[in-house]
Structure formats: structure tokens, C-alpha cells
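In what follows, a single structure is set out as C-alpha cells and then discussed.
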Amino acid sequence: MTLLPLLLFVLPVLGMITVSLISDRKTAAIAALLISVVSFADICWKMAGFDPSGGFQYVFDQWWVEQLGISFAIGIDGLGMIMLLLTNLLVPLIIFSSFDRQIKSHKAYYGLIFFMQAALNGVFTSMDGFLFYVFWELALIPIWFICLLWGGSDRVRITLKFFIYTLSGSLVMLVAIIWLYLQTPAPHDFSLQSFYDLSLTASQQSWVFWAFFLAFAIKIPVFPLHTWQPDTYTDAPSQGTMLLSGIMLKMGLYGILRWMIPVVPQAVQQWGMLAVFLAAIGIVYASAMAIAQTDFKRMAAYASMAHVGLIAAGLFTLNLQALQGGVFQMVSHGITAVGLFFIADILQDKLKSNEMNDMGGLANSSRSFSLLFMVILLGSVALPLTGSFVGEFLLLGGIFAFNSWLSLIAGLSVILGAVYMLRAYNKIALGENTVAEAAFGKLTANEKILLIVISVLIIGTGIYPMPLLKIAEPSIVNILHHAGVNPI
Amino acid sequence: MKNLIWLIPILPLAGFIINGIGNKALSRGVSGWLASLTVLGSFILSALAFNSLADSNAVISVDGYQWFSAGNFNLEFGFLIDHLSIVMLLVITGVGFLIHVYSIGYMSHEPDYARYFAYLNLFVFFMLLLVMGSSYVVMFVGWEGVGLCSYLLIGFWFKNQEYNAAARKAFIMNRIGDLGFLLGMFLILVNFGSLQYDTVFEAAKNMPSGAPVLTAIALLLFVGATGKSAQIPLYTWLPDAMAGPTPVSALIHAATMVTAGIYMIIRSNVLYVMAPFASQIVAVIGAVTAIFAALIAIKQNDIKKVLAYSTVSQLGYMFVALGVGAFSTALFHVVTHAFFKALLFLCAGSVIHGMGGEQDIRKMGGLKKSLPVTHFTFLIGTLAISGVPPFAGFFSKDEILAQTWIHNPLLFTVLAVTSVLTAVYMFRLYFVTFYGDFRGTHHQQENLHESPSSMTIPLMVLAVLATVGGFIGLPELFHGPHLLSEFLAPVTAYADAYISGSASHAFEMNMIIISIVVLALIIAFTRSYYVKRNNIPETDSQTEGFSLLLSNKFYVDEIYRAVVTRPMDVLSRFGYNWIEKGFIDRIVNSMGLLTNGTSGMLRLTQSGNIGFYLFAMVLGIVVLIALKLVI
């Protein structure tokens with residue numbers, strides 16, 4: 001057993017230590033960026049030696065509390081690899097997005113981002129139920145501090161709500177995990193494989209299903225368990241929002257794939273229709289809410305909810321196309337979400353507000369802003385040749401095979417997405433507004449670079465999505481086999 | 001040849017990238033000519049492909065690459081150049097090139113020159129993908145891509161919020177159609193396991209005619225077509241799209257993009273002949289749209305709006321042809337319409353250019369003398385669209401009428417009436433604009449000028465095409481070869497075997513004679529009404545009765561606003577204020593309050609009063625004992 005897998009945690013910890021030693025904000029930011037790029041390189045390097053159909057690789061498995069059957073077991077399969085790629089690709093972008101911002105107490109800020117990265121890497125690689133839970137909750141701590149200490153005016157009330165809401169969901173999941181542990185053959189253990197090997201009755205599966213569902217649905221969030229989300233996204237500092245929407249909410253979607261479908265397959269089949277229906281309603285609902293917003297960041301929050309609602313709907317269909325689309329869409333949604341919230345950040349920085357009614361004509365002051373904003377917007381509305389098109393095509397196609405009417409409902413997002421996004425673009429970039437135009441000025445070089453990188457990623461994943469799909473496919477097929485579904 | 005096929009779309013894409021990045025660095029001349037030459041390059045390559053196709057009769061298919069796949073969904077990005085797509089390619093690149101050249105003159109005063117040409121090139125790129133794709137999904141890439149370019153170009157002058165609203169409306173209405181297209185593709189994928197044309201059509205041929213799944217596929221695809229090709233109920237974006245620069249209206253909103261729906265159905269002819277019910281719907285929607293839009297056109301006073309409604313109406317004709325199974329006839333009209341409608345729009349652009357931006361025909365008049373080339377070419381366009389022999393529109397329109405007569409006399413009547421209306425609104429437009437006295441301002445009169453040669457030369461070329469273009473499809477009556485339908489035979493062979501029949505020679509002869517007489521009467525009437533008696537269309541406040549209904553376009557926009565747009569906004573805001581904030585979030589918050597409240601009350605018991613604690617303890621013991629006794 002090599003220690004290489006532990007780089008997933010060593011590098012972020014190294015990052016935390018490094019930034020805590022540097023008191024100059026800019027130098028610290030550059031150091032943070034470099035270290036996060038190294039962790040991205042580490043993932044790329046792991047990917048180079050990765051066999052998609054080889055099951056879990058880069059496994060590190062040590063007893064943690066042997067008496068209780070808890071082990072520190074991590075490993076990467078195709079699904080995990082995609083999630084790690086997403087996390088470690090977005091973290092450098094998120095750090096870079098803060099370059100031109102006056103971040104107070106930068107040591108703590110970047111330290112917490114690294115903390116977050118380590119916890120997320122843990123969530124996506126855990127092969128032990130208890131470890132999964134520990135990382136799941138660990139991830140909540142840094143983001144809570146980030147929102148609480150760097151957030152907007154109403155941050156105390158909003159972060160409290162966010163914290164209690166998600167925590168109560170996870171506690172129910174903890175109960176379910178412990179219960180599953182007690183069902184494993186003596187001596188009990190928490191390993192993923194033991195959970196997969198359980199044979200539970202239909203009613204047992206049902207309650208475990210709902211316990212997991214509660215935790216995951218709150219995190220994603222799925223309608224009607226979402227009301228913490230718009231407030232938190234709006235009030236959190238930009239990097240916090242990017243972490244939340246780009247990566248953290250995918251913990252819930254990942255959880256469905258890894259810990260729910262293979263463990264309680266019958267319940268997923270039994271309750272799948274209800275879950276898909278709920279998610280589909282949520283898509284239309286969130287889109288309608290997005291239409292009603294005049295604050296760009298809040299609108300983007302609802303848009304994000306609509307988009308991940310589609311992923312959630314797809315996962316419960318137990319259809320290979322929808323699952324593959326869902327995994328792919330997690331990546332492209334992550335990229336576009338970071339893009340949209342970076343746009344919100346730029347607007348906030350230059351105009352001191354995200355109120356769209358006060359904006360207009362920004363295309364007159366900055367052509368590059370309006371152009372790159374357009375590319376990100378097209379990614380969000382899933383125009384062909386952007387990554388989201390591939391994801392949404394597979395998702396809607398899979399849902400269609402599951403139930404064509406639900407696909408029609410979910411597909412309304414194709415229209416509604418264009419409604420709110422183009423309206424926002426219109427209010428922000430088009431027309432004339434001398435005050436806003438003058439206040440906005442030009443993009444800085446760093447802003448331009450980041451927007452270009454995001455645009456290239458959006459189009460690149462749209463033109464050549466096969467590598468990602470190929471990495472994920474065998475593990476998704478495997479998950480469906482565990483669920484007793486024959487993937488076609 | 002096969003190795004060069006990919007260059008056809010890549011050339012305009014390269015033009016887009018160079019003009020897009022080089023924006024400010026490139027001089028005006030370079031921008032415009034670079035953009036035009038890339039399209040000319042594509043035209044030359046298309047012509048070469050046409051040659052090799054006509055020689056060997058073998059379709060050119062380029063496999064491309066595996067775009068994305070999951071399980072049995074396998075989507076490839078490949079090209080197919082067959083007899084249908086080559087005709088579309090020649091029209092797109094040929095007419096496209098002329099319009100690019102025209103734009104060099106038309107947009108010469110525009111500060112944002114390079115951006116305009118970048119968008120125009122991007123449009124050509126996506127339009128080429130649309131017709132070159134070897135599967136529905138590649139068609140969809142082009143389909144949505146041209147929608148994007150249409151959005152960008154309608155709102156090209158983005159400072160004007162009215163234009164932006166028109167652009168947005170176009171995009172959203174198209175997306176409604178696109179959802180239909182998307183669902184249609186899913187239904188195809190689920191049933192046939194592929195989106196490649198050859199696989200789908202082979203599989204469909206083995207199904208029973210009228211199978212519900214084929215009908216559903218055909219109808220869903222048609223929903224997409226109504227969006228892109230501006231048919232009822234999704235047509236209202238097209239007249240508004242006239243907010244864009246006039247060459248854009250000519251290229252996108254007349255000659256090419258709006259015919260994408262027609263192309264899609266010709267491409268899917270196998271599916272449609274096997275779904276008779278869906279074909280009926282296509283024909284009926286087409287006929288209703290044709291007459292509805294023609295009626296509206298009669299009372300419009302904006303030169304571009306008249307032409308826009310005319311386009312909607314002519315597209316309706318093509319859908320009728322498709323609905324009755326006359327696929328090559330529909331393509332014939334696509335081609336001739338591309339010639340004469342592009343010509344008419346470019347003439348309108350030349351008029352607007354000469355008039356310093358004026359579009360209201362009530363403020364024109366007598367332009368014949370100052371704009372001789374524009375006048376003459378516009379006259380040719382008018383004769384062609386009205387169906388005067390031997391101009392291009394005559395042949396294609398008569399063919400549609402004859403084919404409709406065989407299959408459905410009722411629809412024939414609707415189209416025949418529409419033909420009359422077409423001639424009326426076109427000659428009204430022609431006479432009011434070019435004859436009589438000049439009614440504009442003194443300033444406009446002084447500056448009135450014929451357009452530069454970069455604009456008039458494309459007019460002349462298109463005028464020639466609008467004159468002789470009809471000869472590619474001579475009716476049987478004249479014993480000439482119908483070049484187009486013979487050329488297209490490999491594509492429509494299956495459908496042709498299914499649906500056969502042609503009108504008798506006597507009927508065709510009668511129809512030609514009648515139409516010549518009727519057209520002569522209409523010309524004489526409109527001339528005497530608008531020129532001799534010098535009537536000019538009434539002002540808006542004078543309009544009343546049925547005319548008011550027509551000039552307000554049957555109030556369809558207002559109805560849509562009242563039934564769709566307003567309710568959507570109101571419901572969203574209601575949902576946000578009352579359901580989201582007032583209900584769901586309130587429940588969540590009251591959970592918190594409940595916890596707080598209960599703990600607040602329980603806290604009161606921790607009072608520190610020893611007596612109360614003793615009392616509680618005794619009470620507890622009593623209760624426990626009592627329970628013990630009971631159980």
C-alpha cells in the first residue's frame with residue numbers, strides 16, 4: 001500500500017500551513033493558487049495512470065477504530081475520479097477569482113478553502129460509512145466560517161439557518177448509517193462493501209431511503225427543502241458561493257449514487273417516481289423563482305437549483321443515460337456556476353450591488369465582459385457545443401425513457417432558462433445606462449483571464465466530452481449492477 | 001472531394017474567429033471582404049461537391065467523430081452531403097455570399113463593423129452544420145446555433161431596448177419549438193436507438209404506416225419546425241425580427257434560417273409519409289398560416305413588415321406542399337423564394353439606405369426616378385413572388401397549387417386566395433413606394449440616392465436568379481425536364497413511391513391562364529387605385545373596422561402577452577412572495593421558532609426553587625408507582 005492517495009489531504013494541509021505563514025495578501029494568494037494547481041496536477045497525474053474499468057484504485061485502507069469496525073479507507077473509482085477532478089479543478093479557479101479582491105484576514109480565508117478542499121476530497125473517496133459521515137460534516141465547518149465571517153449584512157441569521165438545516169439532515173443520515181452498520185454480519189463494520197452486501201427487506205430499505213434522501217435532498221437542494229439555499233448563496237462571499245454551488249451541493253448527488261442506489265436499490269425503484277416527480281416540479285418552481293428575481297446573484301442561486309434539480313431527477317430514474325448525464329452535468333454545472341457567480345462578484349465589486357434594475361449598457365463599457373458573460377450564459381442555458389448540452393441531453397433523454405411526461409416537465413427548463421437568463425443579460429449588458437457604464441469601467445487582466453478559462457472549459461467540454469464520459473461509465477454501470485438494473 | 005468537405009463550414013468559422021478576435025485591429029475593408037470571401041470559398045467547395053455528386057450520383061458521407069455516448073445512446077458528429085443538402089448548401093453559400101457583399105456597402109456607416117461580420121459568418125457556419133449533419137443531433141446543433149446568431153443579429157444595435165426585446169422574443173419562441181425537436185429526438189432514440197438519418201429511416205420503413213410512434217415523432221419535430229420557420233402559433237417573432245439590419249433580414253429571416261423547418265421535414269420525408277395524420281396537420285397549419293399572414297400583410301405600412309409577413313405566408317405554402325407529400329416541390333419553392341425574397345429585402349434595404357433610415361411607405365413615393373436599379377430589381381422581385389410567368393415564383397408556386405389540388409381541393413382554395421392576396425399586397429407595396437409623389441421630408445429628398453455598386457450588383461445578380469431560377473423545375477406541361485425533382489429523386493424516392501399523382505395537363509393549362517388573367521386584373525386595379533387616383537394608405541388613427549384588426553395583426557401579440565407573458569411574470573412574483581417566502585420558508589422558520597419556544601418554556605422549570613423540585617420529584621414517584629400498579 002502506497003501513501004500516494006494521501007496526497008489528497010497532504011497538499012491541502014500544506015496549503016493551509018503555507019498561507020498561514022505569509023502575511024502579504026497578494027503573495028499568499030499566489031502561493032495558494034500554486035498549491036491548488038499542484039493538487040490539480042496530482043489528480044491529472046492520478047488520472048493518467050487510472051484504469052476506468054479497474055474498480056477502486058489508489059486505495060489506502062487502515063483500521064481507524066478496529067473495535068468498532070471503522071477504517072480509514074479511501075479509494076478512487078471512475079465516479080470518484082470525476083468528482084475529484086471537479087473539486088480540484090474548481091478550487092484553483094475559485095482561489096484565482098479572489099486575486100483582485102481585498103480579502104480581510106486572508107490567512108484564515110485561504111486556509112478554510114484548503115480545509116474545505118481536503119474534506120471534499122475525503123467525501124468523494126471514502127469507502128467507509130463512518131469516514132464518509134466524518135468528512136461530510138467536516139466539509140460543513142469551513143464553509144460555515146467562510147459564510148459567517150466574510151458574508152453579507154444578514155450573515156448571522158442566515159448561516160445559523162443554513163447550519164442547523166443541513167446538520168439536522170445529516171444527523172438523520174448518521175442514524176441510518178449506524179443502523180446499517182448494525183445490520184452487517186458480526187463483527188460489524190462500516191465498509192462500503194459490507195453495506196452493498198446487505199440484504200434488507202423492502203420496508204427496511206424504505207426508511208433508510210428516506211433518511212438518506214433527507215440529508216442529500218437538503219444539501220442539493222431538492223424542492224421543498226431548499227429555502228436555506230438562496231439566502232446562503234446570496235449572502236455568502238463570492239468564493240463561498242462558488243464552493244457551495246460548484247462543489248459542495250454535488251456531495252448530495254454523489255451520495256445518491258454511491259451510498260443510496262446500491263445500498264437500498266429496491267426502495268429507489270419503489271420511491272424513484274416520487275423523487276423524480278418532486279425534482280421535476282422543483283425545476284419548474286426554481287425557474288419560476290429565478291424569473292421573479294431582480295438581484296442577479298439570487299437569480300443565479302435559483303438557476304443553480306433548477307439545474308441541479310434536473311440532475312437529481314435523472315439519478316432516480318436508474319437509467320444509464322441519465323446517470324451518465326448527471327455525472328457529466330455535475331462537472332459542467334460546476335464550471336458554469338463558478339462562472340455565473342464570478343460574474344456576480346465582478347458586478348458586486350464594480351457596482352457595489354447585484355440589483356439588475358440599476359444596471360444596463362455594460363456592453364458599451366466592456367466588450368470583453370459582455371462577450372464572455374454571453375458564453376457563460378449560453379453554457380447555463382445548455383446551447384449545443386457547451387458542456388451543459390451534453391449533460392442535459394443525456395439527462396432529459398434518460399428521463400424521457402423513464403417517463404416521457406416527466407421529461408416534458410423537466411424540459412420546460414429549456415425554455416424558462418432562456419427566459420430568465422436573457423432577461424438578466426438584457427438588464428445587465430444591453431441598453432444604455434450612463435451611471436452603471438461609467439462605474440463599471442473595464443475588466444482587470446485577472447478577471448479577463450479567469451472568464452476566458454471558464455469559457456474555454458465550457459466550450460471544450462461541449463465539443464469533446466468523451467474522455468470524462470469514458471472515465472465515469474464503468475463505475476456507473478457497476479452501480480447499476482448493484483442496484484439490480486441491467487444498464488443499456 | 002471528400003477530404004475537403006469539412007472546410008465548407010470551417011471557412012466561415014475561421015472568418016468568425018478572425019473578425020471576432022481581430023475586432024479593432026482589422027480595417028473595415030479587410031473585415032468585410034474577409035467575411036465575404038470565406039463564404040465564397042464555401043460556395044466554390046459546394047459547387048465542386050455538387051459536380052462530383054451530379055457526376056457519380058454517390059453521396060459523400062464524412063464519419064467525423066464520436067461526440068458523446070452513454071450505453072446505447074451513441075451520437076456522432078458526422079457530415080452527409082447528398083442531393084438535398086447540396087441544394088441547400090448552394091443556396092446558403094451563394095445567396096449568403098451576395099448578402100455579405102451587399103452588407104459591405106449597407107453597413108459602411110456602422111462603427112461596429114467587425115462584430116457584424118463576425119456574427120454573420122458565425123450564422124453561416126451554423127446554417128451549414130444544420131444542413132450538412134448526418135444525424136438529427138448535428139442538425140440540432142446548427143438549429144440552435146442559427147437561433148443564437150439570429151438573436152445576436154436582431155439585437156445587433158443593442159442600445160435600443162425595443163430591438164433587444166425583439167431578439168429575446170425570437171430566441172424564446174424558438175426555444176419553445178426546440179423543446180419539441182428535443183423530445184422528438186428522444187422518441188427517435190428510444191425507438192430506433194440512433195439519430196443517424198440512414199439508420200432511423202431504414203428502421204421506420206419497417207414499421208406499419210400510421211404507427212402512433214411515427215405520428216408522435218413527426219408532430220414533435222413539426223413543433224420544432226413551427227418555431228424556426230415561423231408558423232402558427234409560433235410565428236410572431238419573425239415580424240419583430242425586422243429590428244435587425246436589413247441584410248440580416250434577407251439572409252436569416254427570409255432566404256435561409258427560416259427554411260430550416262422545411263429542410264427538416266424534407267429530410268424526414270420517410271417519417272412523414274408514414275404518418276398521414278401528422279402530414280395533414282402540417283398541411284393545415286401551413287395553409288392557415290399562409291392566408292392569415294397574407295391578410296395581415298395587406299395592411300402593414302412598414303416596408304420590412306410587409307415582406308416579413310409575406311415570408312411567413314410563403315413558408316406556409318411550403319408547409320402545405322410538405323403536408324401533401326410534394327417534397328421536391330417544397331424545396332423548389334425554398335430555392336426560388338430564397339432568390340426573390342432575398343432580392344426584395346435587399347431592395348428594401350437599398351430604399352431604407354437611400355431614405356436615411358425611413359421604413360414607412362406612407363412617407364416614400366415616387367422613388368422610381370432616384371433609385372432606378374433598386375426600382376427595376378424590386379419590380380422583378382414583385383413579379384416573381386406574385387407568380388407572373390416566366391419569373392421564378394410562377395413555376396414553384398404553380399407546382400404547389402397543382403400538387404395541392406390533387407390531394408386536397410379545400411387547401412387548394414385557401415392557397416389560391418392567398419395567391420391573390422400576395423399579388424395585392426406586393427403591388428400595393430410596389431406602387432406606393434415607387435410611384436406617385438415623394439411624401440418624405442425635404443431633407444430626405446435632397447439626400448435621396450441610389451446605393452453604391454457593392455449593393456446594386458448583388459441586387460442585379462439576384463434579379464437574374466429570380467427571373468430564370470424557375471427553369472430548374474419546368475412543369476410537365478412544357479415537356480421540359482424537371483431538373484430539381486429529378487436531381488432530388490434519390491432523397492425522396494421512398495416518399496414518391498408512396499404518394500404519386502400529378503395534375504392533368506388540362507388543369508395546369510387552365511390554372512396558368514386563370515392566374516395570368518387574375519394577376520393582370522390585380523396589377524391594373526392596384527395601379528389605378530394607388531397611382532392613378534393617388535391613394536396612399538391611411539394613417540393609423542384613420543384605420544377602422546376590419547382594417548384596424550389587420551393592421552394590428554389580429555392582436556395576436558396582445559393576446560400572447562395577456563395569456564402567457566403576463567401570467568408567467570405575475571405567477572412567478574406571486575410564487576416568490578406567497579409560496580416561497582410566505583409558506584415554505586415560514587414553515588422552516590417556525591420549526592426553529594418552535595424549538596426556541598419550547599426550550600424557552602422548559603427553561604422556566606429550571607427555576608432554582610427547591611420546593612418546586614421536591615414537588616416534582618414526589619409527583620414523579622407517584623406517577624411511576626401508579627403506572628406500576630396499572631401494568
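Labels used: A, B, ... for chains in the order of the C-alpha cells, numbers from 1 for residues in each chain, and numbers from 1 for ligands as shown.
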Considering only C-alpha atoms, extract the chain A residues located within 6 Å of chain B and return them as a VMD selection string.
-> chain A and resid 227 288 to 289 292 321 384 397 415 430 to 432 466 488
Shell around A:Gly379 at 10 Å using only C-alpha atoms, local window under 2 positions removed, as number ranges by chain = A: 332-333, 335-337, 339-340, 373-377, 381-389, 455, 457-459, 462
Selection to disk with C-alpha atoms, as a compact mmCIF listing (two decimals), in the first residue's frame:
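What follows is the written file selection_4.txt:
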# COMPACT_ATOMS: atom_id res chain seq x y z
CA SER A 332 -20.34 21.32 -16.37
CA HIS A 333 -22.72 22.80 -13.83
CA ILE A 335 -17.90 25.23 -14.25
CA THR A 336 -20.85 27.40 -15.28
CA ALA A 337 -21.86 28.04 -11.67
CA GLY A 339 -18.64 31.44 -14.00
CA LEU A 340 -22.02 32.93 -13.12
CA PHE A 373 -20.74 36.73 -19.97
CA MET A 374 -22.62 35.59 -23.08
CA VAL A 375 -20.55 32.42 -23.36
CA ILE A 376 -21.18 31.54 -19.71
CA LEU A 377 -24.86 32.30 -20.16
CA VAL A 381 -28.93 27.56 -20.99
CA ALA A 382 -27.26 24.45 -22.45
CA LEU A 383 -26.75 25.56 -26.00
CA PRO A 384 -25.21 22.79 -28.14
CA LEU A 385 -21.40 22.81 -28.14
CA THR A 386 -21.36 23.79 -24.47
CA GLY A 387 -20.79 21.14 -21.81
CA SER A 388 -24.24 21.55 -20.30
CA PHE A 389 -25.86 20.49 -23.55
CA SER A 455 -15.36 29.96 -21.35
CA LEU A 457 -13.75 24.91 -20.37
CA ILE A 458 -17.44 25.38 -21.18
CA ILE A 459 -16.88 25.03 -24.92
CA GLY A 462 -19.12 20.66 -25.06
Polymer residues at most 12 Å from stretch 437-444 of chain B, only C-alpha atoms, same-chain spacing of 4 or more positions, as JSON, numbers by chain = {"B": [351, 352, 353, 354, 355, 356, 357, 358, 359, 360, 361, 362, 363, 364, 365, 366, 367, 368, 369, 370, 431, 432, 433, 448, 449, 530, 531, 532, 533, 534, 535, 536]}
Please run DSSP on the backbone and report, as a VMD selection string, all residues within stretch 117-280 of chain A that come out as helix (DSSP H, G or I).
-> chain A and resid 117 to 125 129 to 150 155 to 183 192 to 197 202 to 219 228 to 235 238 to 248 250 to 260 265 to 280
Residues within 10 Å of A:Lys26, only C-alpha atoms, excluding chain neighbours under 5 positions, as a PDB file with N, CA and C atoms, in the first residue's frame:
ATOM      1  N   ALA A  31       0.600  31.955  -3.613  1.00  0.00           N
ATOM      2  CA  ALA A  31       1.023  30.673  -3.057  1.00  0.00           C
ATOM      3  C   ALA A  31      -0.150  29.699  -3.021  1.00  0.00           C
ATOM      4  N   ALA A  32      -1.300  30.199  -2.586  1.00  0.00           N
ATOM      5  CA  ALA A  32      -2.493  29.346  -2.520  1.00  0.00           C
ATOM      6  C   ALA A  32      -2.834  28.813  -3.907  1.00  0.00           C
ATOM      7  N   SER A  98     -10.318  35.380  -6.400  1.00  0.00           N
ATOM      8  CA  SER A  98     -10.209  36.343  -5.299  1.00  0.00           C
ATOM      9  C   SER A  98      -9.000  37.257  -5.466  1.00  0.00           C
ATOM     10  N   PHE A  99      -8.241  37.068  -6.537  1.00  0.00           N
ATOM     11  CA  PHE A  99      -6.971  37.790  -6.661  1.00  0.00           C
ATOM     12  C   PHE A  99      -7.109  39.306  -6.553  1.00  0.00           C
ATOM     13  N   ASP A 100      -8.121  39.843  -7.218  1.00  0.00           N
ATOM     14  CA  ASP A 100      -8.236  41.300  -7.239  1.00  0.00           C
ATOM     15  C   ASP A 100      -9.164  41.824  -6.161  1.00  0.00           C
ATOM     16  N   ARG A 101      -9.464  41.002  -5.182  1.00  0.00           N
ATOM     17  CA  ARG A 101     -10.380  41.444  -4.130  1.00  0.00           C
ATOM     18  C   ARG A 101      -9.620  41.642  -2.833  1.00  0.00           C
ATOM     19  N   GLN A 102     -10.048  42.638  -2.093  1.00  0.00           N
ATOM     20  CA  GLN A 102      -9.410  42.915  -0.804  1.00  0.00           C
ATOM     21  C   GLN A 102      -9.983  41.953   0.229  1.00  0.00           C
ATOM     22  N   ILE A 103      -9.361  40.786   0.372  1.00  0.00           N
ATOM     23  CA  ILE A 103      -9.864  39.813   1.331  1.00  0.00           C
ATOM     24  C   ILE A 103      -9.283  40.130   2.708  1.00  0.00           C
ATOM     25  N   HIS A 106      -6.778  37.230   5.202  1.00  0.00           N
ATOM     26  CA  HIS A 106      -6.628  36.282   4.092  1.00  0.00           C
ATOM     27  C   HIS A 106      -6.101  34.928   4.546  1.00  0.00           C
TER      28      HIS A 106
END
Distance query B:Met455 at most 7 Å, only C-alpha atoms, self and fewer than 5 positions along chain excluded, as a PyMOL selection string = chain B and resi 102+105-106
Would you write out those residues with N, CA and C atoms, as a short mmCIF file (atom, residue, chain, number, x, y, z; two decimals), in the first residue's frame?
data_model
loop_
_atom_site.label_atom_id
_atom_site.label_comp_id
_atom_site.auth_asym_id
_atom_site.auth_seq_id
_atom_site.Cartn_x
_atom_site.Cartn_y
_atom_site.Cartn_z
N TYR B 102 -23.20 42.71 -50.18
CA TYR B 102 -24.15 43.80 -50.03
C TYR B 102 -23.92 44.52 -48.70
N GLY B 105 -21.45 47.44 -48.31
CA GLY B 105 -21.95 48.78 -48.58
C GLY B 105 -22.97 49.24 -47.55
N TYR B 106 -23.89 48.34 -47.23
CA TYR B 106 -25.01 48.74 -46.37
C TYR B 106 -24.54 49.16 -44.99
#
Spatial neighbours of B:Ser103, 8 Å, only C-alpha atoms, chain gap at least 4 places, as a list of chain:residue names | B:Gly32, B:Ile99, B:Met107, B:Ser108, B:Pro247, B:Met455
Would you mind exporting N, CA and C atoms of the selected residues as a JSON list (two decimals), in the first residue's frame?
[["chain", "number", "residue", "atom", "x", "y", "z"],
["B", 32, "GLY", "N", -14.83, 43.15, -43.90],
["B", 32, "GLY", "CA", -15.96, 42.84, -44.76],
["B", 32, "GLY", "C", -15.58, 41.85, -45.84],
["B", 99, "ILE", "N", -25.15, 38.45, -50.02],
["B", 99, "ILE", "CA", -25.62, 39.31, -48.93],
["B", 99, "ILE", "C", -24.44, 39.84, -48.11],
["B", 107, "MET", "N", -23.55, 48.46, -44.45],
["B", 107, "MET", "CA", -23.12, 48.73, -43.08],
["B", 107, "MET", "C", -21.93, 49.70, -43.03],
["B", 108, "SER", "N", -21.66, 50.39, -44.16],
["B", 108, "SER", "CA", -20.43, 51.18, -44.21],
["B", 108, "SER", "C", -20.39, 52.30, -43.17],
["B", 247, "PRO", "N", -29.83, 43.46, -44.27],
["B", 247, "PRO", "CA", -29.23, 42.27, -44.89],
["B", 247, "PRO", "C", -29.45, 41.02, -44.05],
["B", 455, "MET", "N", -23.79, 47.31, -53.33],
["B", 455, "MET", "CA", -25.15, 46.90, -53.02],
["B", 455, "MET", "C", -25.95, 46.59, -54.27]]
